[in-house]
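Report on one structure; see the data block that follows.
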Amino acid sequence: MAAKAFTQNPIYSPSLIRDKTPQQKHNLGHFSPSKNTAKRLVVSSSIMSPPIPSSPLAPPSFSSSSQVAPPSRTPAATLPLSRVWREIQGSNNWENLIDPLSPILQQEITRYGNLLSASYKGFDLNPNSKRYLNCKYGKKNLLKESGIHDPDGYQVTKYIYATPDINLNPIKNEPERARWIGYVAVSSDDSVKRLGRRDIVVTFRGTVTNPEWLANLMSSLTPARLDPHNPRPEVKVESGFLSLYTSGERESKFGLESCREQLLSEISRLMNKHKGEELSITLAGHSMGSSLAHLLAYDIAELGMNQQRGEKAVPVTVFSFAGPRVGNLEFKKRCEELGVKVLRITNVNDPITKLPGFLFNENFRSLGGVYELPWSCSCYTHVGVELTLDFFDVQNISCVHDLETYINLVNRPRCSNSAVNKDNFGGEFLNRTSEMMSGMGRRRALQLRNAATNAAYLLCSVSNQMLYYSIF
């Protein structure tokens, strides 16, 4: 009964137990030192923010006390998107674009986040509907019906389905079939001029159904072996994510191909159709969807699909929202060698971004940063650059993983490092939290928040393993 109740909400699903999970780190309000070489710039908020405007170009609402960061002097922050789109897609690993956050990058993160939200808004979770576990709308109407700003800017070309390879005997009344998980779209002729290139977009929603979150509990590392000519057994990824990506319905005469086969086929078709144009491949995913976006980006680059003879390689970029770790250190290194760019938007209070590898991860690979420990090859490691938010709501803890809240916080005004001590973005929220907690002091509110977050981390880690071994 509890599992069924979870599935009714596409954002706050049982995947909070595990899948919804951020080596560079950049955090968006108060400035604090980081153990990594990069800076940490944090936007703090202690309460869930209001809904974001549907248009990514709509100006954010400013409070009277907000301190806005001065515009960056880098060219990418002052030139139009059509001139700097490669930098926005991560060609320079977003150097000088995050601290302070470039308005153009802020706008693009919001835009891709809105496109991603359509994967939730269009998903039909009504068991009595003919479209149950499919998209409620046709491809021509999905973006419009989802409230996307400028729905004509992209044309949806294909719906993507995933088939969890999970034995559902412990769970009743769950149909064993493929579920709609996202879509492929390509920028229209009119938007090409504004974007500066033809943009191929793939979006992946997070965990919603029972088989998906059960698959995500399969946290053992397994070789990816996506390139048949060079399997690279040292490159390992989480077995549950790989199963979702590669499993299909081959046993059925009219069954769907795997998620991987659907995607590679469509991306190849679009690249051939627009051959000779400036192209980019952008993958946006939330939670479990972020993991699938990582796998697809690695797969495209490993197979050389983004290499065009006599032309520059097509950039492959992942915008990850609340994503978990996906693979080991060799997976991270190989993605970097292949030029895959990943920007991870995370919340420091989101336990899913700490999993898998809550204990053994990139922070426990070496001794003093010099000597590699024996288990380093088996540690989960994040890929790419991290843009970190800091928000928490004592009355709605689930908000720490909410996609809409993530996008909203990115879309709010920032403060510069020099202005942090005078005022920061999270100040007004922190004061509201203190008032809400019956006069409880600010320090006590922070202590309660940190304690709740740490407890959530431990609960998620223990629950994962107990539930996994009890079922399998």
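Starting from 1 in every chain, residues are counted up; chains themselves are A, B, ... following the order of the structure tokens, and ligands are numbered from 1 as listed.
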Inset, instruction - Please provide the set of residues having any atom within 12 Å of Trp85 of chain A, restricted to only C-alpha atoms, with same-chain residues fewer than 2 positions apart removed, written as a ChimeraX atom specification. - result: /A:75-77,79-83,87-92,94,104-105,108,192-199,278-282,315,317
(Q) Considering only alpha helix (DSSP H) as DSSP defines it on the backbone, what residues of segment 244-360 of chain A qualify? List them as a PyMOL selection string. (A) chain A and resi 244-246+259-273+288-302+329-337
Open item on the list: List as a VMD selection string the protein and nucleic acid residues near segment 253-270 of chain A, meaning an atom at most 8 Å away when only C-alpha atoms are counted, but skip any in the same chain fewer than 5 places from it.
Closed with: chain A and resid 158 160 to 163 178 184 200 244 to 248 296 300 305
Across A:Leu125, A:Val201, A:Leu295, A:Leu214, the smallest distance to Leu226 of chain A, with only C-alpha atoms counted, is shown by A:Leu295
**Item:** Atomic separation - atom CA of Asp189 of chain A relative to atom CA of Glu277 of chain A, Å
**Value:**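 Computing it gives 11.4 Å between the two atoms.
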(Q) Using DSSP assignments from the backbone, pull out every residue in segment 186-384 of chain A that falls under strand (DSSP E or B) and give it to me as a ChimeraX atom specification. (A) /A:186-187,198-204,221-223,236-238,279-286,316-321,327-328,341-347,361,366-367,371-372,380-381
Gap from atom CA of Thr203 of chain A to atom CA of Ala185 of chain A - Å, one decimal =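 We find that atom CA of Thr203 of chain A and atom CA of Ala185 of chain A lie 8.6 Å from each other.
For the pair atom CA of Val314 of chain A and atom CA of Asp150 of chain A, the separation is 24.9 Å.
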Who sits within 6 Å of Asn328 of chain A, only C-alpha atoms, same chain under 6 positions skipped, as a list of chain:residue names
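Here the answer would be A:Lys236, A:Cys379, A:Tyr380, A:Thr381.
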Name all residues at most 10 Å from segment 131-139 of chain A (count only C-alpha atoms; drop same-chain ones fewer than 2 positions away) and give them as a VMD selection string. chain A and resid 118 to 129 141 to 146 155 to 161 175 177 to 185 208 to 209
What's around Leu292 of chain A at 10 Å? Count only C-alpha atoms, leave out sequence neighbours fewer than 4 positions away in its own chain, and write the answer as a list in words.
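Final neighbour list, sorted by chain and number: Thr203, Phe204, Arg205, Gly206, Phe241, Leu242, Leu244, Tyr245, Cys259, Arg260, Leu283, Ala284, Gly285, His286, Ser287, Met288, Leu296, Ala297, Tyr298, Gly323 and Val326 of chain A.
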Written selection (C-alpha atoms) as a PDB file, in the first residue's frame:
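The new file out_15.pdb reads:
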ATOM      1  CA  THR A 203      15.338  14.281 -21.591  1.00  0.00           C
ATOM      2  CA  PHE A 204      14.948  11.590 -18.920  1.00  0.00           C
ATOM      3  CA  ARG A 205      12.565  11.755 -15.979  1.00  0.00           C
ATOM      4  CA  GLY A 206      13.428  10.324 -12.571  1.00  0.00           C
ATOM      5  CA  PHE A 241      21.156   1.850 -14.225  1.00  0.00           C
ATOM      6  CA  LEU A 242      22.823  -0.268 -16.907  1.00  0.00           C
ATOM      7  CA  LEU A 244      17.382   0.082 -17.392  1.00  0.00           C
ATOM      8  CA  TYR A 245      19.489   1.393 -20.254  1.00  0.00           C
ATOM      9  CA  CYS A 259      16.185   2.250 -24.289  1.00  0.00           C
ATOM     10  CA  ARG A 260      19.720   2.314 -25.657  1.00  0.00           C
ATOM     11  CA  LEU A 283      21.097  15.424 -22.424  1.00  0.00           C
ATOM     12  CA  ALA A 284      19.020  16.543 -19.433  1.00  0.00           C
ATOM     13  CA  GLY A 285      18.035  14.202 -16.615  1.00  0.00           C
ATOM     14  CA  HIS A 286      16.678  14.343 -13.090  1.00  0.00           C
ATOM     15  CA  SER A 287      17.610  11.740 -10.479  1.00  0.00           C
ATOM     16  CA  MET A 288      17.572   8.319 -12.164  1.00  0.00           C
ATOM     17  CA  LEU A 296      23.958   7.772 -23.119  1.00  0.00           C
ATOM     18  CA  ALA A 297      26.586  10.522 -23.265  1.00  0.00           C
ATOM     19  CA  TYR A 298      29.366   8.013 -22.621  1.00  0.00           C
ATOM     20  CA  GLY A 323      21.818  12.994 -10.002  1.00  0.00           C
ATOM     21  CA  VAL A 326      26.910   6.394 -11.894  1.00  0.00           C
TER      22      VAL A 326
END
Check: Which residues come within 7 Å of Thr222 of chain A, counting only C-alpha atoms, excluding same-chain residues fewer than 3 positions away, as a list in words?
Finding: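 Using only C-alpha atoms, the neighbours found are Lys236, Val237, Glu238 and Ser239 of chain A.
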